[in-house]
Amino acid sequence: VQEGLVAIFDFTQAKTDRFSNLAASELPVSLRIAEPRAANVSAAGLEITGKTMVRSEGVAGRLNEALRQSPGLTLEAWIRPARLDQTGPARIVTISRDSGERNLTLGQDGDKFEVRLRTTRTTSNGIPALASKSQSLRTEWMHVVYTFEVGGPGRIYLNGELNAEQNIGGDLSNWNKDFALGIGNELSADRPWSGGLKLVALYGRPLSAGEVSRNFRAGSSLAPPTPEELLARQLAENGKLFEKRIAPLLSRHCLECHDSVTRNGLLDLSKRTAALEGGESGLAFQPGRSAESLLWTKVESDEMPHDRPPLAAAEKQLLKAWLDGGGVWSLSEIDPAVYAHGEGGGKVFVQRLTVPEYIETVRAILGVDITAEAREILPRDLRADGFNNTAYNLNVDLGHVEAYARLAELIVSRIDLPALARQFTGSRELSDENMTKIIEPLGKRLLRAPLRKDDVIRYCGISTTVAAAGGSFEEATGYIIEAMLQSPRFLYRIEQQSGDGTPRPLGSYELAARLSYIICGAPPDAALLQAADKGELDRAGVEAHARRLLQDPRAVTRSKQFVTEWLQLDRLDSLRPQPEKFPHWQPELAADMRAETLAYFEEIAWKQQRPLHELLNAQLTFTTRRLARHYGLPAEQLPEDNQLVRLDLSQIPARGGLLTHGSLLTVGGDDASMVSRGLFIMHELLRGVVRDPPPCVDTKPVPSRPGLTQRAIAETRIANQNCVGCHAKFEPLAFGLEKFDGLGSFHQRDEFGNELRDDGQILIPGQANPLKYRSSQELMNLLAASERVRETFTWKLTQFALGRPLDAEDVPQVHAIHQKSQAEGGTYSSLLLAIVTSDLVLQTRTEKSEPLAGLQPAE
Amino acid sequence: MLLGTGAVTIGLPLLEEMLVPNTIAAAPGEVPVRAFNLFFGLGIPAPLQQEGFDGVLEPLQPLSDKLLILRGVDQVRCDRPGINAHYDGATGAFTAEPPDGEAKAGGPSIDQLIRKAHYPQGMPPGMVPTLIGGTFFRRSRVGRYVHSYNEDGTVAAQMQESPRDLFERVFGGVALAGDETDLRRQRLKRSVLDSVVDQYRYYTGSNSPLGSTSRARVADHLERIREYEQRVFALRPRDANSPQLPPPSQVAHGGEADPGGEGIDITLDDLVTEWRLMADLYALAIQTDRVRFGALTFLAAGERIRLKGKYEYAGRTVFEFDDAGQRRSSGSNGCSHEWWHDFDEKKRNEQLRAHAHMKMRELAYFLSRLASEDCREANGKTILENSLITISTESGDGRHNDVKRELSGVFHAITSANGRFKTGQMLDVGAEAIDVYNTMLAAFDVQRQLGPAQRDKRTIDSIRA
């Protein structure tokens, strides 16, 4: 990475005891070994063996000045400490005067690295320092990077991975330009360090995590790579091209006919081993030789895809480039579900508070319950790609702006302003100084991070206006809160997103907010903000706080919100069955069904802490007397007032598990459509991808009649050559539910007296062979045992946590989350813990900064 | 009462400001750039389009000199395997791209590109940046009924789905609670809003930590705050004597309107009353220059209604609607939607024809509101002639099991857009919608083109005047 590079010294290329700055900035800094006998210079780098120092000739004034004005900095070094017992800290790289005054120092303190940085928030000795973790320093070649972002955190990366992070704050405006640059000792020569150095570099900006990792991979020398290294890199790039571009392309155009189930021409391109074996026409491709690869020649001539639109020219070029570049098939399996939402690296949408989040945020911080009014006047958040919190769809119209303003006014009218103000100041003076005592702490809570200076000035401006209008201290406080409640920092979860397009670790406050909203749907509490202040939110800190938050009753509420959105329970509010067909239907049953599913989820996920897959086959449920009657369950013993009670189902094998709830069975509509039910299970539990029906098929539902059940109709469809490819994948999933009618009542015969069945077989996406089941209970057990179903829980909850559909780039992380949570029991808590401690939550995607043409509204 | 050109006359509330058909911000004598997308659900099968005004297009005939009817427009590129075909075609209308998620188009709609190109600094103060309204019921996915999309493919504004919502959105004064004549209070409220605006400016400016997508989102929010600001502080408060809101809607909205895809029963009278009030208000919003861009929907993609009632046109009874009765079925199978599934060129398709004819009558109702005498502008032409109004739909057939048939020959019609396009003709363009749209954008000097950069573009000169 070259951008922002101020100075770089490559000790492997030096011929003498002098080293000059090789950066394009051409700042005049050169280093010289003070005591050449205590150091060796060779192609392996600089080795400091005794007490000496390598220092700049004179002060490094221009270098200091360049960094002083920067938005942050990065110090990068490739080093090998000679011993673990060097302390002091022993100075590896330093810009300082003596042991008490410095701008920046990287040192060794036993088995840790330590960095001291002077900012307007730290001492002239750079205290508090940031240290890497214990035992993180080893006596081998290591890539060490320290980054600092003005006003933000300092971070230490070791060998490309984030090791430590702490909020530093302040800026570099107080740097002393008279300090010199030294290596291997303090400038006062009293903190010597021994070891090897290959490279030292300084940047006038904080490198992102992606850039650090790129520099780590690029190695320790500026010298050109060897041919072997080049080839290895080229193949690695080719493998990445496969993962990012070719796999989605194959998924889109080829897998419909060439997956493990269909295997047309005996070719299966969904699995690596099968793809390399080829099909009945021989090998599918020859690495490095597109012209000899069927995969290319058939696609180029548009012979493939068969009966589907040909590949676009750009897609063809990509395929050819991949084949010619080595044809590295770097995935063991191609799962079409992974590519359903693109390949990643796309747009990053800021997350607006959803309606429930808004309500809870106000309640948690200001103690005002605004539920009724917010639900009435805030426009609803609409479902997109499975959930209502999908950031791209959380946009804002005039209705929101108006509602936010009205709600802010209402909320303030319900606050005991004098009591609130007394928490922060005893004075009622309308001075900037006194108002700041309220603005800063209250703003930090409401806006979820310390205020910037100009924010404080802005809010003081409101109190000045109130004072000028003869207003009171309380009135000013009220108006300031109104303004805060309409601030973008309140309504959106603002995160630093502009960057270089690679993920970056979140700052402490950003992380505190994410953690709290993900687990509780609520703003960070005092303990979390305190942890952010102290820079304690590293992975372990996050986990500790996550465990604490999982004890909060709001975590249960949040999880029910997840279930409601995932299983589309709001659909029940508008259930209107045909009265002719269901004359005994009562609208209250829809509410009972919803309550059943939510109580059942709470029982399994929270009270019994069972693995989530047991949601599919636990033999219990919650019901009212009314609902039990409707279902055909024994209802005599149940309370007459229709209270929801727990019901043991161990003697009723046909019912038990989520899929036997009315809330889910109603997805098939009045006619209990096998297509709709099958697709629901396919999409929501198995993450399956199904395409549109092929040409010339009548897709109208066929009604049952005497002698013809829905099952028989479905089987006719499956027997049809044109339908079997897809319908065999999802309709049999619903066979086991045939005894439940469109509203979830249980029958042995349908309305025409046809006998109903509940046996069948299921095909798990990605597998070649179907699994048979003899009863609906066996179907539930098969689903509960399926790894695919368990993975789907992970995918769905991860999507809900992130507020965006997952794409191909997320896959390795989601996989790691899944493994971790399964190892911990596969419970809701273990899954959420694995999610919040993963890089998907600890880091954020960034967008390359681009000028925003044409989007600036008029002043 | 406002003039009603159709069979039903709708009473509209009057505001003083409504009676002045002038533009807020255009210089005197200047005609502003406007673009609207007019969508109707389920489409007109291509063979029926060939019958011209003798068939279902008959109600458009009185406006034929102001329209360019485009036949043979293909949207096949909008097919996205694995996604409901209604949704594909509907999201492709005005964008020419397949959808990119359940609530996201694959790219911007033409009205928004024209808006960004002609108003790069945002709309003039007090104007609704984008107005989206409609009378529809099926709502499982946003793309079925929203037809105006931002550059990133997200919806360009909130849907106003009842006349009352639309009225409030356009003409509703935003009242501060309490005494509106309290100047002191106004000043304090103003200072609150100033600080809010300042913050939004920071997050849309060059020092914003947000990425460009989020900045555009927050910039959108800021534009709405500016509009709010205008309404609270700049526009005259509502006259106490002026009539109030339109009456509450009599038809179903929200989840109730789409009970699990099963469809609803509705009479022709209820449907038309609701729609015409919506159309009147939308037209009035344009006429009073509160709106220059947006979309209006008459029945969603894949709409499911069971319509009942006598349908008359030009003094004759065209048909007696009774979907459920004629299909001898309730639930989804009894909906008019099924007539499209049943379409067969060799048969009479009587019910489908009647439904499609009725839809054309209602589109014509809206268009003719903009062609009335009080819509005449400084250049002597009417708003209908001066604006770009693009009419489109989701399908060229209805039997959504063959992409090529379904998304080929999708009905389109456009207006002159102040002399930019030919009118008074029916053209068999035989082109992809993307090329048609890009030609339209070029006529508006819009640099940005729809679709992938690397494709062989085709300019459809035959539509240019």
# chains A, B, ... in the order shown; residues from 1 in each chain; ligands from 1

call {"tool": "residues_around", "arguments": {"residues": "Asn754 of chain A", "least_positions_apart": "6", "cutoff": "8 Å", "atoms": "only C-alpha atoms", "output": "list in words"}}
result
Pro706, Gly707, Leu708 and Thr709 of chain A

call {"tool": "residues_around", "arguments": {"residues": "segment 237-242 of chain A", "least_positions_apart": "4", "cutoff": "9 Å", "atoms": "only C-alpha atoms", "output": "MDAnalysis selection string"}}
result
chainID A and resid 232:233 246:248 318 321:323 325:331

call {"tool": "write_last_selection", "arguments": {"atoms": "N, CA and C atoms", "output": "mmCIF file, in the first residue's frame"}}
result
data_model
loop_
_atom_site.group_PDB
_atom_site.id
_atom_site.type_symbol
_atom_site.label_atom_id
_atom_site.label_comp_id
_atom_site.auth_asym_id
_atom_site.auth_seq_id
_atom_site.Cartn_x
_atom_site.Cartn_y
_atom_site.Cartn_z
ATOM 1 N N ALA A 232 2.832 -18.565 -7.401
ATOM 2 C CA ALA A 232 1.974 -18.874 -6.249
ATOM 3 C C ALA A 232 0.921 -17.785 -6.075
ATOM 4 N N ARG A 233 1.349 -16.537 -6.220
ATOM 5 C CA ARG A 233 0.402 -15.436 -6.071
ATOM 6 C C ARG A 233 -0.678 -15.484 -7.150
ATOM 7 N N ILE A 246 -16.555 -16.743 -10.353
ATOM 8 C CA ILE A 246 -16.887 -17.910 -11.167
ATOM 9 C C ILE A 246 -17.941 -18.787 -10.494
ATOM 10 N N ALA A 247 -17.811 -19.004 -9.176
ATOM 11 C CA ALA A 247 -18.806 -19.831 -8.486
ATOM 12 C C ALA A 247 -20.212 -19.239 -8.633
ATOM 13 N N PRO A 248 -20.387 -17.926 -8.411
ATOM 14 C CA PRO A 248 -21.740 -17.386 -8.626
ATOM 15 C C PRO A 248 -22.205 -17.535 -10.073
ATOM 16 N N LEU A 318 -14.891 -13.551 -18.408
ATOM 17 C CA LEU A 318 -14.478 -13.895 -17.055
ATOM 18 C C LEU A 318 -14.156 -15.384 -16.954
ATOM 19 N N ALA A 321 -10.946 -16.093 -18.713
ATOM 20 C CA ALA A 321 -9.796 -15.583 -17.954
ATOM 21 C C ALA A 321 -9.474 -16.513 -16.795
ATOM 22 N N TRP A 322 -10.526 -17.010 -16.154
ATOM 23 C CA TRP A 322 -10.284 -17.920 -15.026
ATOM 24 C C TRP A 322 -9.641 -19.224 -15.503
ATOM 25 N N LEU A 323 -10.167 -19.791 -16.587
ATOM 26 C CA LEU A 323 -9.604 -21.049 -17.098
ATOM 27 C C LEU A 323 -8.149 -20.861 -17.522
ATOM 28 N N GLY A 325 -6.141 -18.598 -16.571
ATOM 29 C CA GLY A 325 -5.284 -18.190 -15.450
ATOM 30 C C GLY A 325 -4.963 -19.329 -14.502
ATOM 31 N N GLY A 326 -5.434 -20.524 -14.787
ATOM 32 C CA GLY A 326 -5.070 -21.645 -13.928
ATOM 33 C C GLY A 326 -6.247 -22.556 -13.589
ATOM 34 N N GLY A 327 -7.477 -22.061 -13.737
ATOM 35 C CA GLY A 327 -8.645 -22.897 -13.474
ATOM 36 C C GLY A 327 -8.641 -23.510 -12.073
ATOM 37 N N VAL A 328 -8.298 -22.694 -11.080
ATOM 38 C CA VAL A 328 -8.240 -23.221 -9.710
ATOM 39 C C VAL A 328 -9.659 -23.320 -9.139
ATOM 40 N N TRP A 329 -10.092 -24.545 -8.830
ATOM 41 C CA TRP A 329 -11.457 -24.776 -8.299
ATOM 42 C C TRP A 329 -11.324 -24.742 -6.776
ATOM 43 N N SER A 330 -11.460 -23.565 -6.194
ATOM 44 C CA SER A 330 -11.035 -23.413 -4.802
ATOM 45 C C SER A 330 -12.128 -23.687 -3.767
ATOM 46 N N LEU A 331 -13.339 -24.048 -4.204
ATOM 47 C CA LEU A 331 -14.390 -24.355 -3.223
ATOM 48 C C LEU A 331 -14.727 -25.838 -3.296
#

call {"tool": "residues_around", "arguments": {"residues": "Ala591 of chain A", "least_positions_apart": "5", "cutoff": "9 Å", "atoms": "only C-alpha atoms", "output": "MDAnalysis selection string"}}
result
chainID A and resid 572:573 596

call {"tool": "write_last_selection", "arguments": {"atoms": "N, CA, C and O atoms", "output": "compact mmCIF listing (two decimals), in the first residue's frame"}}
result
# COMPACT_ATOMS: atom_id res chain seq x y z
N LEU A 572 -50.65 -13.29 10.20
CA LEU A 572 -51.85 -13.79 10.85
C LEU A 572 -52.87 -12.67 11.11
O LEU A 572 -54.06 -12.93 11.21
N ASP A 573 -52.37 -11.43 11.23
CA ASP A 573 -53.30 -10.31 11.49
C ASP A 573 -54.31 -10.15 10.35
O ASP A 573 -55.38 -9.61 10.55
N GLU A 596 -49.10 -18.98 20.46
CA GLU A 596 -48.58 -20.34 20.60
C GLU A 596 -47.12 -20.41 20.15
O GLU A 596 -46.25 -20.89 20.86

call {"tool": "residues_around", "arguments": {"residues": "Arg71 of chain B", "least_positions_apart": "6", "cutoff": "9 Å", "atoms": "only C-alpha atoms", "output": "list in words"}}
result
Ala46, Gln49, Gln50, Gly409, Val410, Phe411, His412, Ala413, Met426, Leu427, Asp428, Val429 and Gly430 of chain B

call {"tool": "write_last_selection", "arguments": {"atoms": "C-alpha atoms", "output": "tab-separated table (two decimals), in the first residue's frame"}}
result
chain	number	residue	atom	x	y	z
B	46	ALA	CA	-49.54	-8.65	-27.01
B	49	GLN	CA	-52.53	-4.69	-28.29
B	50	GLN	CA	-52.50	-5.34	-32.03
B	409	GLY	CA	-44.43	-7.19	-26.05
B	410	VAL	CA	-45.02	-5.38	-22.79
B	411	PHE	CA	-47.41	-2.48	-23.35
B	412	HIS	CA	-45.85	0.98	-23.15
B	413	ALA	CA	-47.08	4.46	-23.96
B	426	MET	CA	-48.89	3.37	-32.55
B	427	LEU	CA	-45.38	2.09	-33.15
B	428	ASP	CA	-44.26	-1.50	-33.33
B	429	VAL	CA	-40.82	-0.74	-31.97
B	430	GLY	CA	-39.54	-4.29	-31.66

call {"tool": "closest_residue", "arguments": {"among": "A:Leu417, A:Ala512, A:Val41, A:Leu442", "to": "Ile365 of chain A", "atoms": "only C-alpha atoms"}}
result
A:Leu442

call {"tool": "select_by_dssp", "arguments": {"residues": "segment 65-252 of chain A", "states": "strand (DSSP E or B)", "output": "PyMOL selection string"}}
result
chain A and resi 72-81+90-98+101-109+112-117+130-131+142-149+153-158+161-167+180-183+195-203

call {"tool": "residues_around", "arguments": {"residues": "Arg376 of chain B", "least_positions_apart": "5", "cutoff": "10 Å", "atoms": "only C-alpha atoms", "output": "PyMOL selection string"}}
result
chain B and resi 21-22+287+370-371+381-386

call {"tool": "atom_distance", "arguments": {"atom1": "atom CA of Glu440 of chain A", "atom2": "atom CA of Ile480 of chain A"}}
result
11.3 Å

call {"tool": "atom_distance", "arguments": {"atom1": "atom CA of Pro128 of chain A", "atom2": "atom CA of Arg116 of chain A"}}
result
7.1 Å

call {"tool": "closest_residue", "arguments": {"among": "A:Leu567, A:Ala590, A:Arg352, A:Phe601", "to": "Leu685 of chain A", "atoms": "only C-alpha atoms"}}
result
A:Leu567

call {"tool": "residues_around", "arguments": {"residues": "segment 161-176 of chain A", "least_positions_apart": "2", "cutoff": "9 Å", "atoms": "only C-alpha atoms", "output": "ChimeraX atom specification"}}
result
/A:61,64-65,67-72,96,102-103,117-122,124,128-133,136,148-159,178-179,209,212-213,505,507-508,532-538

call {"tool": "write_last_selection", "arguments": {"atoms": "C-alpha atoms", "output": "mmCIF file, in the first residue's frame"}}
result
data_model
loop_
_atom_site.group_PDB
_atom_site.id
_atom_site.type_symbol
_atom_site.label_atom_id
_atom_site.label_comp_id
_atom_site.auth_asym_id
_atom_site.auth_seq_id
_atom_site.Cartn_x
_atom_site.Cartn_y
_atom_site.Cartn_z
ATOM 1 C CA GLY A 61 11.389 17.999 11.584
ATOM 2 C CA ASN A 64 7.118 15.243 12.415
ATOM 3 C CA GLU A 65 5.402 18.116 10.691
ATOM 4 C CA LEU A 67 2.465 13.491 10.641
ATOM 5 C CA ARG A 68 1.329 16.290 12.967
ATOM 6 C CA GLN A 69 -1.201 17.478 10.385
ATOM 7 C CA SER A 70 -2.449 14.038 9.447
ATOM 8 C CA PRO A 71 -5.848 12.489 10.167
ATOM 9 C CA GLY A 72 -3.997 9.665 11.893
ATOM 10 C CA SER A 96 11.371 11.099 20.860
ATOM 11 C CA ARG A 102 8.127 11.405 22.845
ATOM 12 C CA ASN A 103 5.804 11.651 19.871
ATOM 13 C CA LEU A 117 1.671 7.985 21.307
ATOM 14 C CA ARG A 118 1.481 11.667 22.147
ATOM 15 C CA THR A 119 -1.949 13.154 21.362
ATOM 16 C CA THR A 120 -3.948 16.004 22.832
ATOM 17 C CA ARG A 121 -5.509 13.385 25.118
ATOM 18 C CA THR A 122 -2.325 11.570 26.285
ATOM 19 C CA SER A 124 3.964 14.050 26.624
ATOM 20 C CA PRO A 128 -1.653 5.671 28.552
ATOM 21 C CA ALA A 129 0.188 3.247 26.313
ATOM 22 C CA LEU A 130 -1.402 0.473 24.271
ATOM 23 C CA ALA A 131 0.048 -3.015 24.763
ATOM 24 C CA SER A 132 -0.429 -6.147 22.721
ATOM 25 C CA LYS A 133 -1.702 -9.287 24.431
ATOM 26 C CA SER A 136 1.965 -12.167 21.564
ATOM 27 C CA PHE A 148 -4.183 5.594 15.161
ATOM 28 C CA GLU A 149 -7.193 7.501 13.941
ATOM 29 C CA VAL A 150 -7.613 11.094 15.118
ATOM 30 C CA GLY A 151 -10.329 11.226 17.783
ATOM 31 C CA GLY A 152 -10.530 7.456 17.730
ATOM 32 C CA PRO A 153 -8.787 4.279 18.712
ATOM 33 C CA GLY A 154 -5.229 2.984 18.503
ATOM 34 C CA ARG A 155 -4.787 -0.552 17.239
ATOM 35 C CA ILE A 156 -1.965 -3.090 17.138
ATOM 36 C CA TYR A 157 -1.981 -5.684 14.382
ATOM 37 C CA LEU A 158 0.384 -8.646 14.494
ATOM 38 C CA ASN A 159 0.982 -10.668 11.352
ATOM 39 C CA ASP A 178 12.297 18.781 17.246
ATOM 40 C CA PHE A 179 12.385 15.054 18.038
ATOM 41 C CA ALA A 209 -7.489 -3.846 8.486
ATOM 42 C CA VAL A 212 -2.626 -4.128 6.950
ATOM 43 C CA SER A 213 -3.408 -7.643 5.900
ATOM 44 C CA PRO A 505 -12.609 -2.961 13.007
ATOM 45 C CA GLY A 507 -14.587 1.750 17.131
ATOM 46 C CA SER A 508 -15.536 1.078 20.750
ATOM 47 C CA ALA A 532 -16.160 1.639 25.469
ATOM 48 C CA ASP A 533 -14.583 4.569 27.345
ATOM 49 C CA LYS A 534 -11.927 2.274 28.729
ATOM 50 C CA GLY A 535 -11.309 0.513 25.442
ATOM 51 C CA GLU A 536 -12.335 -2.821 26.962
ATOM 52 C CA LEU A 537 -14.423 -3.991 24.049
ATOM 53 C CA ASP A 538 -12.024 -6.385 22.446
#

call {"tool": "atom_distance", "arguments": {"atom1": "atom CA of Gly211 of chain B", "atom2": "atom CA of Ala35 of chain B"}}
result
29.0 Å

call {"tool": "closest_atom_pairs", "arguments": {"of": "segment 276-390 of chain B", "to": "segment 156-174 of chain B", "cutoff": "9 Å", "atoms": "only C-alpha atoms", "output": "tab-separated table"}}
result
residue	atom	partner	partner_atom	distance
B:Leu277	CA	B:Pro163	CA	6.1
B:Met278	CA	B:Pro163	CA	4.8
B:Ala279	CA	B:Pro163	CA	8.5
B:Leu281	CA	B:Phe167	CA	6.6
B:Tyr282	CA	B:Leu166	CA	7.6
B:Ala285	CA	B:Val170	CA	6.6
B:Arg290	CA	B:Val170	CA	6.8
B:Val291	CA	B:Val170	CA	8.0
B:Gly294	CA	B:Ala156	CA	8.2
